[in-house]
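The structure file start27.cif is reproduced below (mmCIF, C-alpha atoms and all ligand atoms).
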```
data_my_file
#
loop_
_atom_site.label_atom_id
_atom_site.label_comp_id
_atom_site.auth_asym_id
_atom_site.auth_seq_id
_atom_site.Cartn_x
_atom_site.Cartn_y
_atom_site.Cartn_z
CA VAL A 1 114.25 140.77 102.80
CA ILE A 2 114.39 137.54 104.79
CA THR A 3 116.66 137.43 107.82
CA TRP A 4 117.73 133.88 108.48
CA SER A 5 117.83 132.76 112.10
CA ASP A 6 120.95 131.39 113.81
CA GLU A 7 119.37 127.94 113.64
CA GLN A 8 118.81 128.16 109.88
CA VAL A 9 122.34 129.46 109.32
CA GLU A 10 123.70 126.65 111.49
CA LEU A 11 121.76 124.03 109.49
CA ARG A 12 123.17 125.42 106.25
CA SER A 13 126.73 125.62 107.53
CA GLY A 14 126.43 121.95 108.53
CA LEU A 15 125.92 121.27 104.84
CA ALA A 16 128.95 123.39 103.94
CA ARG A 17 131.16 120.98 105.88
CA HIS A 18 130.34 118.34 103.24
CA GLY A 19 131.18 120.61 100.29
CA ALA A 20 134.50 118.88 99.52
CA ALA A 21 132.93 115.41 99.54
CA LEU A 22 130.02 116.55 97.36
CA SER A 23 132.35 118.24 94.88
CA ALA A 24 134.99 115.48 94.76
CA GLU A 25 136.14 114.57 91.24
CA HIS A 26 133.31 116.56 89.72
CA LEU A 27 135.32 117.33 86.57
CA ASP A 28 136.13 113.66 85.92
CA LEU A 29 132.56 112.61 86.64
CA ASP A 30 131.31 115.33 84.29
CA ARG A 31 133.64 114.15 81.53
CA ALA A 32 132.54 110.55 81.97
CA GLY A 33 128.88 111.49 82.43
CA THR A 34 128.70 109.42 85.60
CA PHE A 35 126.25 109.70 88.47
CA SER A 36 128.05 109.08 91.77
CA ARG A 37 126.29 106.77 94.24
CA GLU A 38 128.95 107.64 96.83
CA LYS A 39 128.05 111.31 96.65
CA TRP A 40 124.34 110.51 96.70
CA ASP A 41 125.10 108.72 99.97
CA VAL A 42 126.77 111.88 101.28
CA LEU A 43 123.57 113.79 100.50
CA ARG A 44 121.61 111.08 102.27
CA SER A 45 123.84 111.21 105.35
CA VAL A 46 123.41 114.98 105.58
CA GLY A 47 119.63 114.55 105.58
CA LEU A 48 119.08 117.20 102.93
CA LEU A 49 116.66 115.08 100.91
CA ALA A 50 114.39 114.94 103.96
CA ALA A 51 114.31 118.69 104.52
CA PRO A 52 110.76 119.66 103.49
CA PHE A 53 108.89 116.54 104.56
CA GLY A 54 106.94 116.00 107.77
CA CYS A 55 108.65 114.12 110.61
CA GLU A 56 105.95 111.43 110.46
CA TRP A 57 107.31 110.51 107.01
CA GLY A 58 110.94 110.56 108.05
CA GLY A 59 111.42 114.20 107.08
CA LEU A 60 113.15 117.03 108.93
CA GLY A 61 109.96 119.08 108.98
CA CYS A 62 111.64 122.26 107.67
CA ASP A 63 109.31 124.96 106.45
CA PHE A 64 109.38 125.67 102.72
CA LEU A 65 111.64 128.75 102.88
CA THR A 66 114.19 127.01 105.11
CA ALA A 67 114.27 124.08 102.69
CA LEU A 68 114.90 126.46 99.77
CA TYR A 69 117.65 128.18 101.78
CA LEU A 70 119.30 124.80 102.38
CA PHE A 71 119.12 123.94 98.67
CA GLU A 72 120.65 127.32 97.83
CA GLY A 73 123.40 126.23 100.22
CA LEU A 74 123.77 122.98 98.27
CA GLY A 75 124.32 124.95 95.05
CA HIS A 76 126.93 127.06 96.82
CA VAL A 77 129.06 124.21 98.16
CA CYS A 78 128.48 121.43 95.62
CA ARG A 79 130.38 121.81 92.35
CA ASP A 80 128.66 118.71 90.96
CA SER A 81 125.60 120.47 89.54
CA GLY A 82 124.22 117.25 88.07
CA LEU A 83 124.14 115.70 91.53
CA SER A 84 122.22 118.71 92.88
CA PHE A 85 119.85 118.49 89.90
CA SER A 86 119.15 114.80 90.55
CA ALA A 87 118.50 115.65 94.19
CA THR A 88 115.92 118.36 93.47
CA THR A 89 114.33 116.19 90.77
CA SER A 90 113.81 113.26 93.15
CA LEU A 91 112.68 115.44 96.03
CA VAL A 92 110.17 117.51 94.08
CA SER A 93 108.94 115.24 91.27
CA THR A 94 108.09 112.38 93.58
CA GLY A 95 108.50 113.60 97.16
CA ILE A 96 106.46 116.80 96.93
CA ALA A 97 103.89 115.14 94.67
CA LEU A 98 103.39 112.40 97.27
CA ALA A 99 103.59 114.66 100.32
CA ASP A 100 101.03 117.14 99.02
CA PHE A 101 98.68 114.86 97.03
CA GLY A 102 99.43 111.21 97.83
CA SER A 103 97.13 108.99 99.87
CA ASP A 104 98.37 108.00 103.32
CA GLU A 105 98.99 104.51 101.96
CA LEU A 106 101.21 105.83 99.15
CA LYS A 107 103.02 108.16 101.51
CA ARG A 108 103.65 105.37 104.00
CA LYS A 109 105.02 103.13 101.28
CA PHE A 110 107.24 105.55 99.38
CA LEU A 111 107.78 108.90 101.10
CA PRO A 112 110.21 107.75 103.82
CA GLY A 113 112.40 106.23 101.07
CA ILE A 114 112.39 109.45 99.04
CA ALA A 115 113.13 111.44 102.21
CA ASP A 116 116.11 109.29 103.22
CA GLY A 117 117.33 108.88 99.64
CA SER A 118 117.07 105.07 99.63
CA LEU A 119 114.58 105.60 96.79
CA ILE A 120 115.31 107.88 93.84
CA GLY A 121 112.34 109.51 92.14
CA ALA A 122 111.71 110.90 88.66
CA HIS A 123 108.79 112.20 86.68
CA ALA A 124 107.77 111.45 83.13
CA ILE A 125 105.78 114.10 81.30
CA THR A 126 107.56 114.91 78.04
CA GLU A 127 107.01 112.69 74.99
CA PRO A 128 108.75 112.59 71.63
CA ASP A 129 105.89 114.63 70.08
CA SER A 130 104.80 116.65 73.09
CA GLY A 131 107.27 118.86 74.92
CA SER A 132 106.19 122.43 75.64
CA ASP A 133 102.65 121.41 74.70
CA ALA A 134 102.47 118.81 77.45
CA LEU A 135 98.69 118.56 77.23
CA SER A 136 99.04 116.95 73.81
CA MET A 137 100.66 113.90 75.42
CA ARG A 138 99.51 110.60 73.98
CA SER A 139 100.45 108.11 76.68
CA SER A 140 97.23 106.51 77.79
CA ALA A 141 95.92 105.09 81.04
CA THR A 142 92.98 102.75 80.62
CA ARG A 143 90.94 101.65 83.60
CA ASP A 144 90.58 97.87 83.94
CA GLY A 145 88.80 97.05 87.22
CA ASP A 146 91.14 97.82 90.11
CA VAL A 147 94.07 98.70 87.89
CA PHE A 148 95.08 101.08 85.12
CA ARG A 149 96.99 99.94 82.04
CA LEU A 150 99.59 102.47 80.89
CA THR A 151 100.91 102.60 77.33
CA GLY A 152 103.13 105.13 75.60
CA SER A 153 106.62 106.54 75.62
CA LYS A 154 108.26 109.38 77.52
CA ALA A 155 111.39 111.35 76.67
CA TYR A 156 114.14 113.22 78.52
CA CYS A 157 113.22 112.04 82.00
CA SER A 158 115.80 113.18 84.53
CA ASN A 159 116.87 110.39 86.87
CA ALA A 160 115.01 107.76 84.78
CA PRO A 161 118.11 105.57 84.35
CA ILE A 162 118.56 105.40 88.16
CA ALA A 163 115.01 105.91 89.42
CA ASP A 164 113.31 103.40 91.70
CA VAL A 165 109.93 105.10 91.35
CA LEU A 166 108.47 107.40 88.73
CA VAL A 167 105.49 109.70 88.62
CA VAL A 168 104.06 109.04 85.17
CA TYR A 169 101.54 111.44 83.65
CA ALA A 170 99.13 109.86 81.16
CA LYS A 171 95.77 110.52 79.54
CA SER A 172 93.02 108.71 81.41
CA ARG A 173 90.37 110.48 79.32
CA PRO A 174 91.49 111.26 75.75
CA GLY A 175 90.04 114.59 74.64
CA GLY A 176 89.42 115.48 78.29
CA GLY A 177 91.73 118.51 78.16
CA PRO A 178 93.43 119.40 81.43
CA LEU A 179 90.98 117.15 83.29
CA GLY A 180 91.94 114.16 81.14
CA VAL A 181 95.42 113.66 82.66
CA THR A 182 96.18 111.46 85.67
CA ALA A 183 99.43 110.99 87.61
CA PHE A 184 100.53 107.51 88.66
CA LEU A 185 103.21 106.28 91.01
CA VAL A 186 104.97 103.53 89.03
CA GLU A 187 107.61 101.23 90.45
CA ARG A 188 110.69 100.47 88.37
CA ALA A 189 110.18 96.71 88.54
CA SER A 190 106.71 96.92 86.93
CA ASP A 191 106.18 94.52 84.03
CA GLY A 192 106.19 96.32 80.67
CA LEU A 193 108.18 99.29 81.97
CA THR A 194 111.51 99.65 80.15
CA PHE A 195 114.16 102.33 79.94
CA GLY A 196 116.31 103.67 77.15
CA PRO A 197 120.04 104.17 77.70
CA PRO A 198 121.08 107.45 79.34
CA ASN A 199 121.11 110.31 76.79
CA SER A 200 124.46 112.00 76.30
CA LYS A 201 123.98 115.70 76.96
CA MET A 202 126.00 118.93 76.99
CA GLY A 203 125.55 119.81 80.66
CA LEU A 204 124.34 118.38 83.96
CA ARG A 205 126.14 115.31 82.72
CA THR A 206 126.29 113.63 86.11
CA SER A 207 122.49 113.63 86.33
CA PRO A 208 121.35 110.70 84.17
CA LEU A 209 118.38 111.33 81.86
CA GLY A 210 116.63 109.01 79.43
CA ASP A 211 113.51 107.68 77.73
CA VAL A 212 110.83 105.59 79.41
CA PHE A 213 108.64 103.09 77.58
CA LEU A 214 105.26 101.91 78.85
CA ASP A 215 103.97 98.74 77.25
CA ASP A 216 100.70 97.81 78.97
CA VAL A 217 102.12 98.57 82.41
CA VAL A 218 99.63 97.50 85.08
CA VAL A 219 99.37 100.05 87.90
CA PRO A 220 97.00 99.58 90.85
CA ALA A 221 94.31 102.26 91.00
CA CYS A 222 95.49 103.06 94.53
CA ASN A 223 98.75 104.34 92.94
CA VAL A 224 96.94 107.33 91.46
CA ILE A 225 98.43 110.46 93.02
CA GLY A 226 95.62 112.87 93.82
CA ARG A 227 92.45 112.33 91.83
CA VAL A 228 91.79 110.60 88.52
CA GLY A 229 91.79 113.53 86.08
CA GLY A 230 93.71 115.71 88.54
CA GLY A 231 97.12 115.09 86.99
CA PHE A 232 97.48 118.42 85.24
CA MET A 233 96.65 120.31 88.41
CA LEU A 234 99.24 118.21 90.24
CA LEU A 235 101.78 118.94 87.52
CA ASP A 236 101.20 122.68 87.87
CA HIS A 237 101.68 122.38 91.65
CA VAL A 238 104.84 120.31 91.27
CA MET A 239 106.32 122.49 88.50
CA LYS A 240 106.04 125.65 90.62
CA ARG A 241 107.94 123.92 93.41
CA GLU A 242 110.43 122.32 91.02
CA ILE A 243 111.26 125.75 89.66
CA LEU A 244 111.70 127.25 93.13
CA PHE A 245 113.88 124.38 94.38
CA SER A 246 116.07 123.93 91.33
CA PHE A 247 116.53 127.65 90.86
CA ALA A 248 117.35 128.12 94.55
CA VAL A 249 120.22 125.71 93.78
CA ASN A 250 121.13 127.93 90.82
CA LEU A 251 121.32 130.94 93.17
CA GLY A 252 123.95 129.14 95.21
CA GLU A 253 125.84 128.23 92.05
CA MET A 254 125.70 131.83 90.82
CA GLN A 255 126.98 133.02 94.21
CA ARG A 256 129.90 130.58 94.11
CA ARG A 257 130.76 131.60 90.54
CA LEU A 258 130.69 135.30 91.44
CA GLU A 259 132.99 134.70 94.41
CA ALA A 260 135.42 132.80 92.15
CA CYS A 261 135.36 135.63 89.60
CA ILE A 262 135.97 138.29 92.25
CA ALA A 263 138.85 136.28 93.73
CA TYR A 264 140.40 135.76 90.30
CA SER A 265 139.94 139.29 88.96
CA THR A 266 141.35 140.91 92.09
CA THR A 267 144.52 138.82 91.93
CA ARG A 268 145.12 138.49 88.19
CA HIS A 269 147.27 141.37 86.88
CA GLN A 270 147.61 142.68 83.33
CA PHE A 271 149.13 146.01 82.22
CA GLY A 272 150.44 146.35 85.79
CA ALA A 273 146.98 146.42 87.35
CA ARG A 274 144.38 144.04 88.77
CA ILE A 275 142.02 143.13 85.96
CA SER A 276 139.08 144.04 88.26
CA SER A 277 140.28 147.65 88.04
CA PHE A 278 139.35 147.69 84.34
CA GLN A 279 135.84 149.05 84.05
CA MET A 280 134.73 146.49 81.47
CA VAL A 281 135.72 143.63 83.77
CA ALA A 282 134.11 145.35 86.77
CA LYS A 283 130.91 145.81 84.76
CA ARG A 284 130.69 142.06 84.18
CA LEU A 285 131.11 141.45 87.93
CA VAL A 286 128.45 144.04 88.74
CA ASP A 287 126.07 142.51 86.18
CA MET A 288 126.64 139.10 87.77
CA HIS A 289 125.91 140.54 91.21
CA VAL A 290 122.76 142.36 90.05
CA ARG A 291 121.41 139.25 88.27
CA LEU A 292 122.04 137.15 91.36
CA GLU A 293 120.40 139.57 93.78
CA THR A 294 117.42 140.15 91.47
CA SER A 295 116.89 136.41 91.03
CA ARG A 296 117.25 135.81 94.76
CA LYS A 297 114.63 138.43 95.59
CA TRP A 298 112.21 136.97 93.04
CA ILE A 299 112.68 133.36 94.14
CA TYR A 300 112.21 133.98 97.86
CA ASP A 301 109.49 136.60 97.42
CA THR A 302 107.55 134.24 95.14
CA ALA A 303 108.02 131.35 97.57
CA GLU A 304 106.83 133.47 100.51
CA ARG A 305 103.71 134.52 98.65
CA MET A 306 103.06 131.03 97.34
CA ILE A 307 103.02 129.53 100.83
CA ALA A 308 100.74 132.38 101.92
CA GLY A 309 98.27 131.01 99.36
CA GLU A 310 98.58 133.69 96.68
CA ASP A 311 98.38 132.89 92.98
CA VAL A 312 102.01 133.12 91.90
CA THR A 313 101.71 131.76 88.36
CA VAL A 314 103.21 134.85 86.76
CA ASP A 315 105.76 135.33 89.56
CA VAL A 316 107.07 131.79 89.09
CA ALA A 317 107.40 132.46 85.36
CA ILE A 318 109.30 135.71 86.03
CA SER A 319 111.52 134.01 88.64
CA LYS A 320 112.32 131.19 86.22
CA LEU A 321 113.00 133.51 83.31
CA LEU A 322 115.24 135.87 85.29
CA THR A 323 117.21 133.17 87.06
CA SER A 324 117.78 130.85 84.10
CA GLU A 325 118.69 133.59 81.63
CA GLY A 326 120.73 135.39 84.32
CA ASN A 327 122.56 132.16 85.11
CA VAL A 328 123.47 131.64 81.45
CA ALA A 329 124.62 135.26 81.01
CA SER A 330 126.71 135.08 84.20
CA SER A 331 128.27 131.78 83.19
CA LEU A 332 129.45 133.40 79.93
CA ASP A 333 130.72 136.46 81.83
CA ALA A 334 132.73 134.11 84.04
CA ILE A 335 134.43 132.52 81.03
CA GLN A 336 135.33 135.97 79.71
CA ILE A 337 136.70 137.14 83.06
CA PHE A 338 138.89 134.05 83.35
CA GLY A 339 140.11 134.55 79.76
CA GLY A 340 141.89 131.55 78.23
CA SER A 341 141.79 129.62 81.49
CA GLY A 342 138.00 130.01 81.58
CA TYR A 343 137.78 128.28 78.22
CA MET A 344 139.90 125.32 79.38
CA THR A 345 138.01 122.37 80.78
CA ASP A 346 140.28 121.87 83.80
CA THR A 347 139.11 125.01 85.63
CA GLY A 348 135.47 123.97 85.59
CA ILE A 349 134.42 127.47 84.51
CA GLU A 350 133.14 126.40 81.10
CA GLN A 351 131.24 123.57 82.78
CA GLY A 352 129.11 126.21 84.49
CA ALA A 353 127.92 127.48 81.11
CA ARG A 354 127.09 124.00 79.84
CA ASP A 355 125.14 123.28 83.01
CA ALA A 356 123.33 126.63 83.00
CA ILE A 357 121.96 126.37 79.46
CA GLY A 358 119.71 123.44 80.38
CA SER A 359 117.86 125.68 82.81
CA THR A 360 116.39 127.70 79.92
CA ILE A 361 114.79 124.47 78.62
CA TYR A 362 113.67 122.24 81.50
CA SER A 363 110.61 123.09 83.64
CA GLY A 364 109.18 125.13 80.74
CA THR A 365 111.39 126.86 78.18
CA THR A 366 112.22 130.56 78.19
CA GLU A 367 109.73 131.09 75.37
CA ILE A 368 106.95 129.40 77.34
CA GLN A 369 107.70 131.67 80.32
CA TYR A 370 107.49 134.70 78.00
CA ASN A 371 104.13 133.40 76.71
CA ARG A 372 102.84 133.03 80.26
CA ILE A 373 103.90 136.52 81.24
CA ALA A 374 102.49 137.92 77.98
CA SER A 375 99.09 136.37 78.64
CA MET A 376 99.10 137.65 82.24
CA ILE A 377 99.62 141.21 81.02
CA GLY A 378 96.74 140.86 78.61
CA LEU A 379 98.57 140.11 75.36
C1 LIG A 401 118.18 118.90 81.36
C2 LIG A 401 116.77 118.55 81.06
C3 LIG A 401 116.03 117.85 81.99
C4 LIG A 401 114.72 117.46 81.71
N1 LIG A 401 114.04 116.70 82.62
C5 LIG A 401 112.78 116.28 82.33
C6 LIG A 401 112.08 115.42 83.24
O1 LIG A 401 112.57 115.07 84.33
N2 LIG A 401 110.84 114.97 82.88
C7 LIG A 401 110.25 115.33 81.71
O2 LIG A 401 109.14 114.90 81.46
N3 LIG A 401 110.89 116.15 80.82
C8 LIG A 401 112.14 116.63 81.12
N4 LIG A 401 112.82 117.43 80.23
C9 LIG A 401 112.18 117.80 78.97
C10 LIG A 401 111.74 119.25 78.94
O3 LIG A 401 110.66 119.46 79.82
C11 LIG A 401 111.41 119.61 77.49
O4 LIG A 401 112.62 119.50 76.74
C12 LIG A 401 110.83 120.99 77.37
O5 LIG A 401 109.55 121.07 77.93
C13 LIG A 401 110.74 121.44 75.89
O6 LIG A 401 110.12 120.46 75.12
P1 LIG A 401 110.81 119.98 73.75
O7 LIG A 401 112.20 119.62 74.04
O8 LIG A 401 109.93 118.98 73.14
O9 LIG A 401 110.85 121.27 72.83
P2 LIG A 401 109.64 121.87 71.99
O10 LIG A 401 108.44 122.02 72.84
O11 LIG A 401 109.52 121.15 70.70
O12 LIG A 401 110.20 123.34 71.69
C14 LIG A 401 111.21 123.61 70.72
C15 LIG A 401 111.40 125.13 70.65
O13 LIG A 401 110.15 125.75 70.28
C16 LIG A 401 109.78 126.69 71.27
N5 LIG A 401 108.32 126.71 71.44
C17 LIG A 401 107.48 125.65 71.59
N6 LIG A 401 106.22 126.08 71.73
C18 LIG A 401 106.27 127.44 71.68
C19 LIG A 401 105.31 128.47 71.78
N7 LIG A 401 104.01 128.22 71.98
N8 LIG A 401 105.73 129.76 71.67
C20 LIG A 401 107.04 130.04 71.47
N9 LIG A 401 107.99 129.12 71.37
C21 LIG A 401 107.61 127.85 71.48
C22 LIG A 401 110.43 126.20 72.56
O14 LIG A 401 110.55 127.25 73.52
C23 LIG A 401 111.78 125.73 72.02
O15 LIG A 401 112.63 126.82 71.85
C24 LIG A 401 114.12 117.84 80.49
C25 LIG A 401 114.86 118.58 79.56
C26 LIG A 401 116.16 118.93 79.83
C27 LIG A 401 116.94 119.73 78.82
#
```

Would you mind writing the structure in this file as structure tokens?
Amino acid sequence: VITWSDEQVELRSGLARHGAALSAEHLDLDRAGTFSREKWDVLRSVGLLAAPFGCEWGGLGCDFLTALYLFEGLGHVCRDSGLSFSATTSLVSTGIALADFGSDELKRKFLPGIADGSLIGAHAITEPDSGSDALSMRSSATRDGDVFRLTGSKAYCSNAPIADVLVVYAKSRPGGGPLGVTAFLVERASDGLTFGPPNSKMGLRTSPLGDVFLDDVVVPACNVIGRVGGGFMLLDHVMKREILFSFAVNLGEMQRRLEACIAYSTTRHQFGARISSFQMVAKRLVDMHVRLETSRKWIYDTAERMIAGEDVTVDVAISKLLTSEGNVASSLDAIQIFGGSGYMTDTGIEQGARDAIGSTIYSGTTEIQYNRIASMIGL
């Protein structure tokens, strides 16, 4: 069990003071499916987007666990889950990729902007015909002297409609298997790079997502992140961190939801008694608590072991599976505990379920996590 220091608690409570601003009008924004630049600026002013990056790149220099703890805090105080999702997407997809694998030149050019939020990042992996089977991607990167030419199309890219920079994964060696994929830092203004309109989606509606089209996009070879052919290894590295960051946010959201359910069920009376005194209601609250604590232990334990250099492939899969499925189950419990009011859109309780369901799909579906765990236990 991690004991957070006074300094870490103080950092996180600083964030809590911005909870009202980060949550403002979240129901209206969700209905309209609008990303709020004003609230992005609040995140920027708090410095959260800089948390895990080195001071030399404009970061706060927090260690990995402290950064996760702060993002759990974001989930707790920010009712605009789409905003939090856009934040983790930018920070991990582009920031972590650059910080851990980018050349000094790339870091100098782009990392300070990602850290202070003046640049928004995204990553483009999924294609219309390759989702879970990402290695079957068809987008190609052809070397032409000092540049690569990128062609193909990408689907469901979070932040794409608002991104200034994207990490695009493409095949630099068709038939090269995992060593045939390369990651490129691509700027929005690049010729031949176009974007589809934002997709309308059931949850995380304030985090814009859309298609990306690459029509002979010229990218300097110095924009390769890591090594040519090292893209799949980079993706594995980034995905592990994406899961830990975005599911740390989910922990905070699950905590906030549990607190709301306890507050409601201990004050709502039926049959002359608090509804929390009915065992079936109490069971739901206990299940929510157990799911939250189990997920929290897995996320932080996995993160601790990952930064100690252990292979946490299976642990990340278990953490993702437990937290995403637990989050969905708890969001449905919350609707049931709130009864009719939980089903109404003005309480924001049903929004939690719509937001939670996405987590069983992005960063590797539930089924893919089961497959990973199955193969690790020898099946
Ligand atoms: C909110 C959200 C944000 C996203 N953000 C991004 C992003 O920023 N960048 C990006 O590139 N992509 C992003 N995605 C796309 C996401 O990564 C894919 O949707 C996901 O990998 C699944 O791919 P797919 O949709 O093509 O489904 P498919 O792979 O076609 O899967 C369809 C169904 O078949 C199941 N299935 C597939 N293969 C197997 C198997 N071997 N065994 C068992 N079941 C299997 C799946 O689990 C699923 O239930 C996002 C998606 C969502 C919902």

Identify which of the residues A:Val9, A:Val312, A:Ile120, A:Met376 lies closest to Ser207 in chain A, counting only C-alpha atoms when measuring atom-to-atom distances. A:Ile120

So that each row is one residue of chain A with an atom at most 7 Å from ligand LIG 401 (chain A), can you give its shortest atom pair and the distance in Å to one decimal, using all atoms listed in the file, rows by chain and rising number, as JSON lines?
```
{"residue": "A:Thr89", "atom": "CA", "partner": "A:LIG401", "partner_atom": "O1", "distance": 6.8}
{"residue": "A:Ala122", "atom": "CA", "partner": "A:LIG401", "partner_atom": "O1", "distance": 6.1}
{"residue": "A:His123", "atom": "CA", "partner": "A:LIG401", "partner_atom": "N2", "distance": 5.1}
{"residue": "A:Ala124", "atom": "CA", "partner": "A:LIG401", "partner_atom": "O2", "distance": 4.1}
{"residue": "A:Ile125", "atom": "CA", "partner": "A:LIG401", "partner_atom": "O2", "distance": 3.5}
{"residue": "A:Thr126", "atom": "CA", "partner": "A:LIG401", "partner_atom": "O2", "distance": 3.8}
{"residue": "A:Pro128", "atom": "CA", "partner": "A:LIG401", "partner_atom": "O8", "distance": 6.7}
{"residue": "A:Asp129", "atom": "CA", "partner": "A:LIG401", "partner_atom": "O8", "distance": 6.7}
{"residue": "A:Ser130", "atom": "CA", "partner": "A:LIG401", "partner_atom": "O8", "distance": 5.6}
{"residue": "A:Gly131", "atom": "CA", "partner": "A:LIG401", "partner_atom": "O8", "distance": 3.2}
{"residue": "A:Ser132", "atom": "CA", "partner": "A:LIG401", "partner_atom": "O10", "distance": 3.6}
{"residue": "A:Asp133", "atom": "CA", "partner": "A:LIG401", "partner_atom": "O10", "distance": 6.1}
{"residue": "A:Lys154", "atom": "CA", "partner": "A:LIG401", "partner_atom": "O2", "distance": 6.8}
{"residue": "A:Ala155", "atom": "CA", "partner": "A:LIG401", "partner_atom": "N3", "distance": 6.4}
{"residue": "A:Tyr156", "atom": "CA", "partner": "A:LIG401", "partner_atom": "C8", "distance": 4.7}
{"residue": "A:Cys157", "atom": "CA", "partner": "A:LIG401", "partner_atom": "C6", "distance": 3.8}
{"residue": "A:Ser158", "atom": "CA", "partner": "A:LIG401", "partner_atom": "O1", "distance": 3.7}
{"residue": "A:Asn159", "atom": "CA", "partner": "A:LIG401", "partner_atom": "O1", "distance": 6.8}
{"residue": "A:Leu204", "atom": "CA", "partner": "A:LIG401", "partner_atom": "C1", "distance": 6.7}
{"residue": "A:Leu209", "atom": "CA", "partner": "A:LIG401", "partner_atom": "C3", "distance": 6.9}
{"residue": "A:Gly358", "atom": "CA", "partner": "A:LIG401", "partner_atom": "C27", "distance": 4.9}
{"residue": "A:Ser359", "atom": "CA", "partner": "A:LIG401", "partner_atom": "C1", "distance": 6.9}
{"residue": "A:Ile361", "atom": "CA", "partner": "A:LIG401", "partner_atom": "C27", "distance": 5.2}
{"residue": "A:Tyr362", "atom": "CA", "partner": "A:LIG401", "partner_atom": "C25", "distance": 4.3}
{"residue": "A:Ser363", "atom": "CA", "partner": "A:LIG401", "partner_atom": "O3", "distance": 5.3}
{"residue": "A:Gly364", "atom": "CA", "partner": "A:LIG401", "partner_atom": "O5", "distance": 5.0}
{"residue": "A:Thr365", "atom": "CA", "partner": "A:LIG401", "partner_atom": "O14", "distance": 4.8}
{"residue": "A:Thr366", "atom": "CA", "partner": "A:LIG401", "partner_atom": "O14", "distance": 6.0}
{"residue": "A:Glu367", "atom": "CA", "partner": "A:LIG401", "partner_atom": "O14", "distance": 4.3}
{"residue": "A:Ile368", "atom": "CA", "partner": "A:LIG401", "partner_atom": "O14", "distance": 5.7}
{"residue": "A:Asn371", "atom": "CA", "partner": "A:LIG401", "partner_atom": "N8", "distance": 6.4}
```

Which residues are near range 335-337 of chain A? Cut-off 10 Å, all atoms listed in the file, ignore same chain within fewer than 4 positions. Put them as number ranges by chain. A: 261-262, 264-265, 268, 275-276, 280-282, 284-285, 330-331, 341-344, 347-353

Selected residues written out, C-alpha atoms, as a PDB file, keeping the file's coordinate frame:
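The result, written out as out.pdb:
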```
ATOM      1  CA  CYS A 261     135.360 135.630  89.600  1.00  0.00           C
ATOM      2  CA  ILE A 262     135.970 138.290  92.250  1.00  0.00           C
ATOM      3  CA  TYR A 264     140.400 135.760  90.300  1.00  0.00           C
ATOM      4  CA  SER A 265     139.940 139.290  88.960  1.00  0.00           C
ATOM      5  CA  ARG A 268     145.120 138.490  88.190  1.00  0.00           C
ATOM      6  CA  ILE A 275     142.020 143.130  85.960  1.00  0.00           C
ATOM      7  CA  SER A 276     139.080 144.040  88.260  1.00  0.00           C
ATOM      8  CA  MET A 280     134.730 146.490  81.470  1.00  0.00           C
ATOM      9  CA  VAL A 281     135.720 143.630  83.770  1.00  0.00           C
ATOM     10  CA  ALA A 282     134.110 145.350  86.770  1.00  0.00           C
ATOM     11  CA  ARG A 284     130.690 142.060  84.180  1.00  0.00           C
ATOM     12  CA  LEU A 285     131.110 141.450  87.930  1.00  0.00           C
ATOM     13  CA  SER A 330     126.710 135.080  84.200  1.00  0.00           C
ATOM     14  CA  SER A 331     128.270 131.780  83.190  1.00  0.00           C
ATOM     15  CA  SER A 341     141.790 129.620  81.490  1.00  0.00           C
ATOM     16  CA  GLY A 342     138.000 130.010  81.580  1.00  0.00           C
ATOM     17  CA  TYR A 343     137.780 128.280  78.220  1.00  0.00           C
ATOM     18  CA  MET A 344     139.900 125.320  79.380  1.00  0.00           C
ATOM     19  CA  THR A 347     139.110 125.010  85.630  1.00  0.00           C
ATOM     20  CA  GLY A 348     135.470 123.970  85.590  1.00  0.00           C
ATOM     21  CA  ILE A 349     134.420 127.470  84.510  1.00  0.00           C
ATOM     22  CA  GLU A 350     133.140 126.400  81.100  1.00  0.00           C
ATOM     23  CA  GLN A 351     131.240 123.570  82.780  1.00  0.00           C
ATOM     24  CA  GLY A 352     129.110 126.210  84.490  1.00  0.00           C
ATOM     25  CA  ALA A 353     127.920 127.480  81.110  1.00  0.00           C
TER      26      ALA A 353
END
```

Given all atoms listed in the file as the counted atoms, nearest of A:Leu185, A:Ile114, A:Val167, A:Leu322 to Gly95 in chain A: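 Answer, going by the shortest atom-to-atom distance: A:Ile114.
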
Find the residue from A:Thr88, A:Gly121, A:Phe195, A:Val212 that sits nearest to Ser139 in chain A; use all atoms listed in the file when measuring.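 Smallest separation from Ser139 in chain A among the options: A:Val212.
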
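Atom pair CA of Gly203 in chain A / CA of Ala374 in chain A: separated by 29.4 Å.
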
Nearest candidate to Thr151 in chain A (options A:Asp80, A:Asp215, A:Asp6, A:Glu56; using only C-alpha atoms):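 Result for the nearest residue to Thr151 in chain A: A:Asp215.
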
One decimal place gives the CA of Arg296 in chain A-CA of Ser246 in chain A separation as 12.4 Å

Can you tell me how far CA of Leu111 in chain A sits from CA of Gly47 in chain A, in Å to one decimal? 13.9 Å

Can you write out as CSV which residues of range 152-226 of chain A fall within 7 Å of range 21-43 of chain A, alongside each residue's closest atom pair and its distance in Å to one decimal, counting only C-alpha atoms and ordering rows by chain and ascending residue number?
```
residue,atom,partner,partner_atom,distance
A:Arg205,CA,A:Gly33,CA,4.7
A:Thr206,CA,A:Phe35,CA,4.6
A:Ser207,CA,A:Phe35,CA,5.8
A:Pro208,CA,A:Phe35,CA,6.6
```

Centre, edges in Å (one decimal): axis-aligned box, range 247-261 of chain A, 5 Å padding on all six sides, as JSON:
```
{"center_x": 126.0, "center_y": 130.7, "center_z": 92.4, "size_x": 28.9, "size_y": 19.9, "size_z": 15.6}
```
